[in-house]
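One file, final-v7.txt, carrying compact mmCIF, C-alpha atoms:
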```
# COMPACT_ATOMS: atom_id res chain seq x y z
CA MET Y 1 -5.44 15.34 26.35
CA ARG Y 2 -2.81 15.56 29.06
CA ARG Y 3 0.45 17.14 28.01
CA VAL Y 4 3.95 16.59 29.32
CA GLU Y 5 7.07 18.74 29.38
CA ILE Y 6 10.12 17.26 27.67
CA GLY Y 7 13.25 19.36 27.50
CA GLY Y 8 11.27 22.54 28.06
CA GLU Y 9 8.75 21.79 25.28
CA TRP Y 10 5.21 20.47 25.73
CA PHE Y 11 3.74 17.43 23.98
CA SER Y 12 0.55 15.40 24.24
CA VAL Y 13 1.20 12.19 26.16
CA VAL Y 14 0.01 10.19 23.15
CA GLY Y 15 1.76 11.01 19.90
CA LEU Y 16 0.91 9.72 16.43
CA GLY Y 17 3.33 7.23 14.91
CA GLY Y 18 3.75 8.16 11.27
CA PHE Y 19 5.20 4.87 10.02
CA GLU Y 20 1.78 3.28 9.51
CA LEU Y 21 0.82 6.05 7.07
CA GLU Y 22 3.28 4.41 4.67
CA ASP Y 23 4.54 5.99 1.45
CA ASP Y 24 1.72 7.36 -0.74
CA PRO Y 25 1.14 11.11 -0.30
CA SER Y 26 -2.06 10.86 -2.36
CA TRP Y 27 -3.75 8.40 0.05
CA PRO Y 28 -6.69 10.37 1.52
CA GLY Y 29 -6.79 8.20 4.62
CA ALA Y 30 -3.66 9.87 5.98
CA ARG Y 31 -5.56 13.14 6.27
CA ASP Y 32 -8.44 11.42 8.05
CA VAL Y 33 -6.11 9.77 10.58
CA LEU Y 34 -4.29 13.02 11.23
CA LEU Y 35 -7.50 15.01 11.65
CA ALA Y 36 -8.95 12.42 14.04
CA ALA Y 37 -5.78 12.51 16.12
CA ILE Y 38 -5.71 16.32 16.25
CA GLU Y 39 -9.39 16.52 17.20
CA SER Y 40 -8.63 14.06 20.01
CA GLY Y 41 -5.86 16.23 21.43
CA VAL Y 42 -2.78 14.65 19.82
CA ASP Y 43 -0.41 17.46 18.87
CA TRP Y 44 2.64 15.71 17.42
CA ILE Y 45 3.65 13.08 14.89
CA ASP Y 46 6.80 10.98 14.62
CA THR Y 47 8.52 9.89 11.41
CA ALA Y 48 12.06 9.19 10.14
CA GLU Y 49 14.15 9.48 7.00
CA GLN Y 50 14.42 5.69 6.88
CA TYR Y 51 10.66 5.08 6.92
CA TYR Y 52 9.81 3.95 3.40
CA ASP Y 53 13.09 5.36 2.07
CA ARG Y 54 12.30 9.03 2.81
CA LYS Y 55 8.75 8.76 1.45
CA ASN Y 56 6.97 8.66 4.83
CA GLU Y 57 8.05 12.21 5.61
CA THR Y 58 6.39 13.42 2.41
CA VAL Y 59 3.17 11.61 3.40
CA VAL Y 60 3.23 13.36 6.77
CA ALA Y 61 3.84 16.73 5.11
CA ALA Y 62 0.96 16.22 2.67
CA ALA Y 63 -1.42 15.17 5.44
CA VAL Y 64 -0.51 18.14 7.65
CA ARG Y 65 -0.96 20.46 4.67
CA ASP Y 66 -4.34 18.93 3.80
CA VAL Y 67 -5.63 19.16 7.36
CA GLY Y 68 -4.53 22.78 7.60
CA GLN Y 69 -3.63 22.57 11.28
CA PRO Y 70 -0.07 22.51 12.58
CA MET Y 71 1.43 19.51 14.32
CA LYS Y 72 4.71 19.23 16.14
CA LEU Y 73 7.17 17.13 14.18
CA SER Y 74 9.68 14.49 15.21
CA SER Y 75 12.08 12.79 12.80
CA LYS Y 76 15.29 10.77 12.86
CA VAL Y 77 18.59 10.32 11.05
CA ALA Y 78 19.96 6.79 10.55
CA PRO Y 79 23.50 5.55 9.96
CA MET Y 80 24.67 4.54 6.53
CA PRO Y 81 23.95 2.64 4.33
CA ASP Y 82 20.20 3.02 4.93
CA GLY Y 83 20.40 6.53 6.33
CA THR Y 84 22.36 9.68 5.64
CA GLY Y 85 25.00 8.88 8.24
CA TYR Y 86 26.33 10.10 11.57
CA GLU Y 87 29.30 12.21 10.53
CA PRO Y 88 28.66 15.79 11.74
CA LYS Y 89 28.14 17.14 8.21
CA GLU Y 90 25.86 14.19 7.41
CA ILE Y 91 23.70 14.85 10.47
CA ARG Y 92 23.14 18.45 9.41
CA LYS Y 93 22.44 17.35 5.84
CA ALA Y 94 19.89 14.82 7.09
CA CYS Y 95 18.11 17.36 9.27
CA GLU Y 96 17.92 19.89 6.47
CA ALA Y 97 16.60 17.23 4.08
CA SER Y 98 13.93 16.16 6.59
CA LEU Y 99 12.87 19.78 6.99
CA GLU Y 100 12.51 20.09 3.23
CA ARG Y 101 10.46 16.90 2.90
CA LEU Y 102 8.30 17.86 5.89
CA GLU Y 103 7.84 21.40 4.53
CA ALA Y 104 8.87 22.82 7.89
CA ASP Y 105 11.24 25.51 9.09
CA HIS Y 106 12.15 23.57 12.23
CA LEU Y 107 11.60 20.22 13.92
CA ASP Y 108 10.40 19.72 17.47
CA MET Y 109 12.46 16.54 17.97
CA PHE Y 110 15.33 15.15 15.94
CA LEU Y 111 16.88 11.84 16.96
CA MET Y 112 19.68 9.49 16.05
CA HIS Y 113 17.64 6.45 15.04
CA TYR Y 114 19.84 3.58 16.26
CA PRO Y 115 23.55 2.92 16.86
CA ALA Y 116 25.89 2.50 13.91
CA GLU Y 117 27.98 -0.66 13.68
CA SER Y 118 30.79 1.30 15.31
CA THR Y 119 30.16 3.94 17.96
CA ASP Y 120 33.55 5.54 17.36
CA GLY Y 121 32.94 9.24 16.93
CA LEU Y 122 29.67 9.21 18.89
CA GLU Y 123 30.77 12.27 20.83
CA ASP Y 124 31.37 14.19 17.58
CA SER Y 125 27.96 13.09 16.31
CA TRP Y 126 26.29 14.30 19.48
CA GLY Y 127 28.08 17.61 19.26
CA ALA Y 128 26.60 18.00 15.77
CA MET Y 129 23.14 17.15 17.10
CA ARG Y 130 23.41 19.80 19.81
CA ALA Y 131 24.55 22.32 17.19
CA LEU Y 132 21.21 21.81 15.40
CA VAL Y 133 19.45 23.11 18.50
CA ASP Y 134 21.80 26.09 18.73
CA ASP Y 135 21.08 26.92 15.09
CA GLY Y 136 17.30 26.64 15.43
CA LEU Y 137 16.83 23.64 13.16
CA THR Y 138 15.19 21.60 15.96
CA ARG Y 139 13.87 22.30 19.43
CA LEU Y 140 15.06 19.04 20.99
CA VAL Y 141 17.54 16.30 20.15
CA GLY Y 142 17.60 12.73 21.31
CA LEU Y 143 18.52 9.11 20.81
CA SER Y 144 16.47 6.11 19.79
CA ASN Y 145 17.34 2.49 20.54
CA PHE Y 146 20.58 3.41 22.32
CA GLU Y 147 21.66 1.76 25.56
CA ARG Y 148 22.69 3.52 28.75
CA PRO Y 149 26.49 3.52 28.15
CA GLU Y 150 26.03 5.35 24.84
CA VAL Y 151 23.57 7.79 26.41
CA GLU Y 152 26.12 8.54 29.13
CA ARG Y 153 28.76 9.26 26.50
CA CYS Y 154 26.44 11.76 24.86
CA LEU Y 155 25.58 13.36 28.19
CA ALA Y 156 29.27 14.08 28.68
CA VAL Y 157 29.09 16.26 25.54
CA GLY Y 158 25.75 17.96 26.12
CA PRO Y 159 22.15 17.41 27.24
CA VAL Y 160 20.12 14.50 25.88
CA ASP Y 161 16.58 15.83 25.76
CA VAL Y 162 14.73 12.63 24.93
CA LEU Y 163 15.17 8.90 24.51
CA GLN Y 164 12.81 6.93 22.27
CA GLU Y 165 12.60 3.21 23.08
CA GLY Y 166 10.23 0.30 22.51
CA LEU Y 167 8.06 -0.87 25.40
CA SER Y 168 5.02 -3.08 25.85
CA LEU Y 169 3.75 -5.74 28.22
CA ILE Y 170 5.31 -8.39 25.97
CA ASP Y 171 8.38 -6.72 24.46
CA HIS Y 172 11.29 -4.33 25.09
CA LEU Y 173 10.87 -4.76 28.85
CA GLU Y 174 14.47 -3.73 29.46
CA THR Y 175 13.21 -0.19 28.80
CA LEU Y 176 11.55 -0.17 32.24
CA GLU Y 177 14.91 0.06 34.02
CA LEU Y 178 16.32 2.49 31.46
CA ALA Y 179 13.28 4.78 31.80
CA ARG Y 180 13.72 4.93 35.58
CA TRP Y 181 17.36 5.92 35.11
CA CYS Y 182 16.39 8.55 32.52
CA HIS Y 183 13.89 10.00 34.98
CA ASP Y 184 16.73 10.57 37.45
CA GLN Y 185 18.81 12.18 34.68
CA HIS Y 186 15.95 14.48 33.60
CA ILE Y 187 15.83 12.83 30.17
CA GLY Y 188 12.38 12.51 28.62
CA VAL Y 189 11.31 9.04 27.51
CA VAL Y 190 8.97 8.34 24.60
CA THR Y 191 7.99 4.74 23.93
CA TYR Y 192 7.03 3.07 20.67
CA GLU Y 193 5.30 -0.23 19.84
CA PRO Y 194 3.15 0.00 23.01
CA LEU Y 195 0.69 -2.47 21.47
CA GLY Y 196 3.30 -5.14 20.77
CA ASN Y 197 2.98 -4.88 16.97
CA GLY Y 198 -0.79 -5.24 17.24
CA MET Y 199 -0.84 -8.25 19.57
CA LEU Y 200 -2.04 -6.28 22.60
CA ALA Y 201 -4.82 -4.75 20.52
CA GLY Y 202 -6.29 -8.21 20.09
CA ALA Y 203 -5.73 -7.83 16.35
CA ILE Y 204 -3.48 -10.84 15.80
CA GLY Y 205 -5.24 -14.19 15.69
CA SER Y 206 -2.47 -16.30 14.21
CA PRO Y 207 1.34 -16.25 13.91
CA ASP Y 208 0.87 -15.96 10.16
CA ASP Y 209 -1.45 -12.95 10.13
CA PHE Y 210 1.39 -10.78 8.84
CA ALA Y 211 1.64 -12.75 5.60
CA ARG Y 212 -1.09 -10.59 4.05
CA VAL Y 213 0.97 -7.41 4.29
CA VAL Y 214 4.58 -8.43 4.93
CA PRO Y 215 5.69 -11.26 2.60
CA ASP Y 216 9.02 -11.78 4.40
CA TYR Y 217 7.54 -11.40 7.89
CA LYS Y 218 9.37 -14.43 9.28
CA GLU Y 219 12.67 -12.59 8.81
CA TRP Y 220 11.58 -9.69 11.01
CA GLU Y 221 13.02 -9.69 14.53
CA PHE Y 222 9.73 -8.68 16.15
CA TRP Y 223 8.03 -11.73 14.62
CA LYS Y 224 10.77 -13.98 15.94
CA ARG Y 225 10.40 -12.48 19.42
CA LEU Y 226 6.61 -12.37 19.66
CA PHE Y 227 4.95 -14.61 17.08
CA ALA Y 228 7.22 -17.52 16.17
CA PRO Y 229 5.99 -21.01 17.14
CA GLY Y 230 6.08 -21.32 20.91
CA ARG Y 231 6.21 -17.55 21.37
CA PHE Y 232 2.82 -16.68 19.88
CA GLU Y 233 1.16 -18.85 22.52
CA ARG Y 234 2.95 -16.92 25.26
CA SER Y 235 1.94 -13.58 23.71
CA GLN Y 236 -1.65 -14.83 23.55
CA ALA Y 237 -1.52 -15.80 27.23
CA VAL Y 238 -0.83 -12.17 28.15
CA VAL Y 239 -3.69 -10.96 25.96
CA ASP Y 240 -6.04 -13.52 27.50
CA GLY Y 241 -5.16 -12.22 30.96
CA MET Y 242 -5.79 -8.60 29.93
CA HIS Y 243 -9.46 -9.11 29.08
CA SER Y 244 -10.78 -9.28 32.64
CA ILE Y 245 -8.68 -6.29 33.70
CA ALA Y 246 -9.92 -4.21 30.75
CA ALA Y 247 -13.51 -5.13 31.63
CA ARG Y 248 -12.96 -4.07 35.24
CA VAL Y 249 -11.37 -0.76 34.21
CA GLY Y 250 -13.97 -0.13 31.50
CA CYS Y 251 -11.63 0.32 28.55
CA SER Y 252 -10.52 -1.55 25.45
CA LEU Y 253 -7.46 -3.80 25.26
CA PRO Y 254 -5.40 -1.22 23.31
CA GLN Y 255 -6.33 1.50 25.78
CA LEU Y 256 -5.31 -0.75 28.68
CA ALA Y 257 -1.92 -1.45 27.06
CA LEU Y 258 -1.34 2.23 26.33
CA SER Y 259 -2.35 3.35 29.81
CA TRP Y 260 -0.02 0.77 31.41
CA ASN Y 261 2.78 2.15 29.26
CA LEU Y 262 2.11 5.75 30.26
CA GLN Y 263 2.00 4.91 33.96
CA GLN Y 264 5.49 3.40 34.05
CA THR Y 265 8.08 5.39 36.00
CA GLY Y 266 10.06 7.64 33.68
CA VAL Y 267 7.79 7.24 30.64
CA ASP Y 268 6.56 10.63 29.49
CA ALA Y 269 4.70 9.84 26.27
CA THR Y 270 3.98 6.99 23.90
CA LEU Y 271 3.57 6.73 20.13
CA ALA Y 272 0.57 4.92 18.68
CA GLY Y 273 0.45 4.52 14.92
CA THR Y 274 -2.57 3.50 12.88
CA ARG Y 275 -4.20 3.72 9.45
CA SER Y 276 -7.66 4.04 11.02
CA ALA Y 277 -9.23 7.32 12.12
CA SER Y 278 -11.42 5.53 14.67
CA HIS Y 279 -8.38 3.79 16.14
CA ALA Y 280 -6.58 7.14 16.34
CA ARG Y 281 -9.44 8.51 18.44
CA ALA Y 282 -9.53 5.45 20.68
CA ASN Y 283 -5.76 5.49 21.18
CA ALA Y 284 -5.88 9.14 22.19
CA ALA Y 285 -8.60 8.39 24.73
CA ALA Y 286 -6.18 6.06 26.52
CA ALA Y 287 -4.57 9.17 28.00
CA ASP Y 288 -7.64 9.50 30.23
CA VAL Y 289 -7.59 5.89 31.45
CA VAL Y 290 -6.26 5.77 35.01
CA LEU Y 291 -5.15 2.42 36.39
CA SER Y 292 -5.24 1.65 40.09
CA ALA Y 293 -2.40 0.03 41.98
CA GLU Y 294 -4.37 -3.22 41.78
CA ASP Y 295 -4.77 -2.90 38.01
CA LEU Y 296 -1.07 -2.25 37.55
CA ALA Y 297 -0.12 -5.15 39.81
CA ASP Y 298 -2.41 -7.51 37.91
CA LEU Y 299 -0.91 -6.40 34.59
CA ASP Y 300 2.63 -6.77 35.90
CA ALA Y 301 1.75 -10.30 36.99
CA LEU Y 302 1.01 -11.15 33.34
CA ILE Y 303 4.49 -10.21 32.15
CA PRO Y 304 6.20 -13.49 33.13
CA ARG Y 305 3.78 -15.33 30.83
CA GLY Y 306 5.03 -13.35 27.84
CA PRO Y 307 7.38 -14.46 25.07
CA THR Y 308 10.31 -12.26 26.07
CA ARG Y 309 10.26 -13.54 29.63
CA ALA Y 310 10.61 -17.20 28.64
```

If you took the structure in this file and wrote it as structure tokens, what would it be?
Amino acid sequence: MRRVEIGGEWFSVVGLGGFELEDDPSWPGARDVLLAAIESGVDWIDTAEQYYDRKNETVVAAAVRDVGQPMKLSSKVAPMPDGTGYEPKEIRKACEASLERLEADHLDMFLMHYPAESTDGLEDSWGAMRALVDDGLTRLVGLSNFERPEVERCLAVGPVDVLQEGLSLIDHLETLELARWCHDQHIGVVTYEPLGNGMLAGAIGSPDDFARVVPDYKEWEFWKRLFAPGRFERSQAVVDGMHSIAARVGCSLPQLALSWNLQQTGVDATLAGTRSASHARANAAAADVVLSAEDLADLDALIPRGPTRA
């Protein structure tokens, strides 16, 4: 597995998204997924206090303990009411609580999960984040789902080591420009949802496929963007166009989507979450898929068909 330097620390270019491991520490499948990822060269996992109301971090801790091999850890603090909050003392409290749930003495990344309703006091919040690095509670600090003006405000206080943003061939395409800017600022970029919530894996056959696992799926913003009537057909058009390119490259659809993500300017690593050990291995193998200029051009030509380029 290729590795990349972010803020002076090294990470595999494919990380494991912890969200899909859900909230039951006794589920044996979490150990299997983690072991498969580690054996495939993945050396870090991402979670957050808000994932399953603090329970996902305990699942990650249990899986790491069961596997018996260390993994680098990334977590996030969210604003109130769902998270601990962004006041300086709240940020420290959140980090310490994540460390306790993850059974760790330090984190490798700690991020502010998304902007609060008001960004007043952002500079104070970022000062508190940088203090966590000074005190050894985390190696790196970063922002997730923040736009460039807020990142620039934080940069005025101290370094921003990493930015975590969504990106796929059908969604979060504004990240492409932001990632290029981050590259110039020496800010690492980690992407999430590279498979477009499963669409680019060829796993979604109907706009209503989420009904089996998410009863209120029609209220979710990603469903409205990608799978609502009129948008699902546009998402499917991108997937249809990917098949011939994947066959030419000799990889699966998910591997094609992940490789495209990793070859975008400024993108350092991507997070792929799964509840399947075999999928974890296949996702990791995407790090070895190299796309030619022709492949990339053909994939880029599919983007205007997608639902977020309507």

Could you tell me how far atom CA of Lys76 of chain Y lies from atom CA of Thr47 of chain Y, in Å and to one decimal?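 Between these atoms lies a distance of 7.0 Å.
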
Could I get the residues of segment 96-187 of chain Y with an atom no further than 8 Å from an atom of segment 219-238 of chain Y, each paired with its nearest atom pair and that distance in Å to one decimal, using all atoms listed in the file, sorted by chain and residue number, as CSV?
```
residue,atom,partner,partner_atom,distance
Y:Leu169,CA,Y:Val238,CA,7.9
Y:Ile170,CA,Y:Ser235,CA,6.6
Y:Asp171,CA,Y:Leu226,CA,7.6
```

With C-alpha atoms retained, export the selected residues as a PDB file, in the coordinates of the input.
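Saved the output as part25.pdb:
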```pdb
ATOM      1  CA  LEU Y 169       3.750  -5.740  28.220  1.00  0.00           C
ATOM      2  CA  ILE Y 170       5.310  -8.390  25.970  1.00  0.00           C
ATOM      3  CA  ASP Y 171       8.380  -6.720  24.460  1.00  0.00           C
TER       4      ASP Y 171
END
```

Is there a way to get, as a list in words, all residues within 6 Å of the point (-0.7, 12.7, 19.4) in file coordinates, counting all atoms listed in the file?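 Residues found, by chain and rising number: Ser12, Val14, Gly15, Leu16, Val42, Asp43 and Trp44 of chain Y.
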
Now that the selection is made, can you save its residues with C-alpha atoms as a short mmCIF file (atom, residue, chain, number, x, y, z; two decimals), keeping the file's coordinate frame?
```cif
data_model
loop_
_atom_site.label_atom_id
_atom_site.label_comp_id
_atom_site.auth_asym_id
_atom_site.auth_seq_id
_atom_site.Cartn_x
_atom_site.Cartn_y
_atom_site.Cartn_z
CA SER Y 12 0.55 15.40 24.24
CA VAL Y 14 0.01 10.19 23.15
CA GLY Y 15 1.76 11.01 19.90
CA LEU Y 16 0.91 9.72 16.43
CA VAL Y 42 -2.78 14.65 19.82
CA ASP Y 43 -0.41 17.46 18.87
CA TRP Y 44 2.64 15.71 17.42
#
```

Write out as a PDB file with C-alpha atoms, keeping the file's coordinate frame the residues lying within 6 Å of segment 98-104 of chain Y, counting only C-alpha atoms and excluding same-chain residues fewer than 5 positions away.
```pdb
ATOM      1  CA  GLU Y  57       8.050  12.210   5.610  1.00  0.00           C
ATOM      2  CA  THR Y  58       6.390  13.420   2.410  1.00  0.00           C
ATOM      3  CA  ALA Y  61       3.840  16.730   5.110  1.00  0.00           C
TER       4      ALA Y  61
END
```

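The interatomic distance for the pair atom CA of Asp24 of chain Y and atom CA of Leu258 of chain Y works out to 27.7 Å.
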
Applying 12 Å and all atoms listed in the file, which residues near Ala78 of chain Y remain after dropping the ones on its own chain fewer than 6 positions away? List them as an MDAnalysis selection string. chainID Y and resid 47:51 53:54 84:87 90:91 93:95 98 110:117 125 143:145

Go ahead and dump the residues you just picked, C-alpha atoms, as a short mmCIF file (atom, residue, chain, number, x, y, z; two decimals), in the coordinates of the input.
```cif
data_model
loop_
_atom_site.label_atom_id
_atom_site.label_comp_id
_atom_site.auth_asym_id
_atom_site.auth_seq_id
_atom_site.Cartn_x
_atom_site.Cartn_y
_atom_site.Cartn_z
CA THR Y 47 8.52 9.89 11.41
CA ALA Y 48 12.06 9.19 10.14
CA GLU Y 49 14.15 9.48 7.00
CA GLN Y 50 14.42 5.69 6.88
CA TYR Y 51 10.66 5.08 6.92
CA ASP Y 53 13.09 5.36 2.07
CA ARG Y 54 12.30 9.03 2.81
CA THR Y 84 22.36 9.68 5.64
CA GLY Y 85 25.00 8.88 8.24
CA TYR Y 86 26.33 10.10 11.57
CA GLU Y 87 29.30 12.21 10.53
CA GLU Y 90 25.86 14.19 7.41
CA ILE Y 91 23.70 14.85 10.47
CA LYS Y 93 22.44 17.35 5.84
CA ALA Y 94 19.89 14.82 7.09
CA CYS Y 95 18.11 17.36 9.27
CA SER Y 98 13.93 16.16 6.59
CA PHE Y 110 15.33 15.15 15.94
CA LEU Y 111 16.88 11.84 16.96
CA MET Y 112 19.68 9.49 16.05
CA HIS Y 113 17.64 6.45 15.04
CA TYR Y 114 19.84 3.58 16.26
CA PRO Y 115 23.55 2.92 16.86
CA ALA Y 116 25.89 2.50 13.91
CA GLU Y 117 27.98 -0.66 13.68
CA SER Y 125 27.96 13.09 16.31
CA LEU Y 143 18.52 9.11 20.81
CA SER Y 144 16.47 6.11 19.79
CA ASN Y 145 17.34 2.49 20.54
#
```

If you measure from atom CA of Trp181 of chain Y to atom CA of Gly266 of chain Y, what distance in Å do you get, rounded to one decimal?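 Interatomic distance, atom CA of Trp181 of chain Y to atom CA of Gly266 of chain Y: 7.6 Å.
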
Using all atoms listed in the file, determine which residues lie at most 8 Å from Met129 of chain Y, disregarding the query and same-chain residues fewer than 2 positions distant; provide the list as a PDB file with C-alpha atoms, in the coordinates of the input.
```pdb
ATOM      1  CA  PRO Y  88      28.660  15.790  11.740  1.00  0.00           C
ATOM      2  CA  ILE Y  91      23.700  14.850  10.470  1.00  0.00           C
ATOM      3  CA  ARG Y  92      23.140  18.450   9.410  1.00  0.00           C
ATOM      4  CA  SER Y 125      27.960  13.090  16.310  1.00  0.00           C
ATOM      5  CA  TRP Y 126      26.290  14.300  19.480  1.00  0.00           C
ATOM      6  CA  GLY Y 127      28.080  17.610  19.260  1.00  0.00           C
ATOM      7  CA  ALA Y 131      24.550  22.320  17.190  1.00  0.00           C
ATOM      8  CA  LEU Y 132      21.210  21.810  15.400  1.00  0.00           C
ATOM      9  CA  VAL Y 133      19.450  23.110  18.500  1.00  0.00           C
ATOM     10  CA  VAL Y 141      17.540  16.300  20.150  1.00  0.00           C
TER      11      VAL Y 141
END
```

Which is closer to Pro149 of chain Y than all the others in Y:Thr119, Y:Ser168, Y:Ser259, Y:Gln264, using all atoms listed in the file? Y:Thr119

Could you check the closest approach to Leu137 of chain Y for each of Y:Arg281, Y:Arg31, Y:Arg275, Y:His106 and tell me which residue wins, using all atoms listed in the file?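 Of Y:Arg281, Y:Arg31, Y:Arg275, Y:His106, the one nearest Leu137 of chain Y is Y:His106, counting all atoms listed in the file.
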
Build an axis-aligned box that encloses every atom of segment 304-308 of chain Y listed in the file, pad it by 5 Å on each side, and report its centre and edge lengths in Å to one decimal, as lines of an AutoDock Vina configuration file.
```
center_x = 7.0
center_y = -13.8
center_z = 29.1
size_x = 16.5
size_y = 13.1
size_z = 18.1
```

Shell around segment 287-304 of chain Y at 8 Å using all atoms listed in the file, local window under 4 positions removed, as a compact mmCIF listing (two decimals) with C-alpha atoms, in the coordinates of the input:
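Output (part.txt):
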```txt
# COMPACT_ATOMS: atom_id res chain seq x y z
CA MET Y 1 -5.44 15.34 26.35
CA ARG Y 2 -2.81 15.56 29.06
CA VAL Y 13 1.20 12.19 26.16
CA VAL Y 14 0.01 10.19 23.15
CA LEU Y 169 3.75 -5.74 28.22
CA ILE Y 170 5.31 -8.39 25.97
CA VAL Y 238 -0.83 -12.17 28.15
CA GLY Y 241 -5.16 -12.22 30.96
CA MET Y 242 -5.79 -8.60 29.93
CA ILE Y 245 -8.68 -6.29 33.70
CA VAL Y 249 -11.37 -0.76 34.21
CA CYS Y 251 -11.63 0.32 28.55
CA GLN Y 255 -6.33 1.50 25.78
CA LEU Y 256 -5.31 -0.75 28.68
CA LEU Y 258 -1.34 2.23 26.33
CA SER Y 259 -2.35 3.35 29.81
CA TRP Y 260 -0.02 0.77 31.41
CA LEU Y 262 2.11 5.75 30.26
CA GLN Y 263 2.00 4.91 33.96
CA ASN Y 283 -5.76 5.49 21.18
CA ARG Y 309 10.26 -13.54 29.63
CA ALA Y 310 10.61 -17.20 28.64
```

Proximity to Gly188 of chain Y - best of Y:Gln164, Y:Thr175, Y:Thr308, Y:Ser118, only C-alpha atoms: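 Among Y:Gln164, Y:Thr175, Y:Thr308, Y:Ser118, it is Y:Gln164 that comes nearest to Gly188 of chain Y.
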
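The residue that comes closest to Asp105 of chain Y, out of Y:Gln185, Y:Thr138, Y:Thr191, Y:Thr274 and on the basis of only C-alpha atoms, is Y:Thr138.
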
Quick one: residues within 10 Å of Pro254 of chain Y, all atoms listed in the file, excluding same-chain residues fewer than 5 positions away - as a ChimeraX atom specification? /Y:194-196,198-203,242,246,259-260,272,279,282-283,286
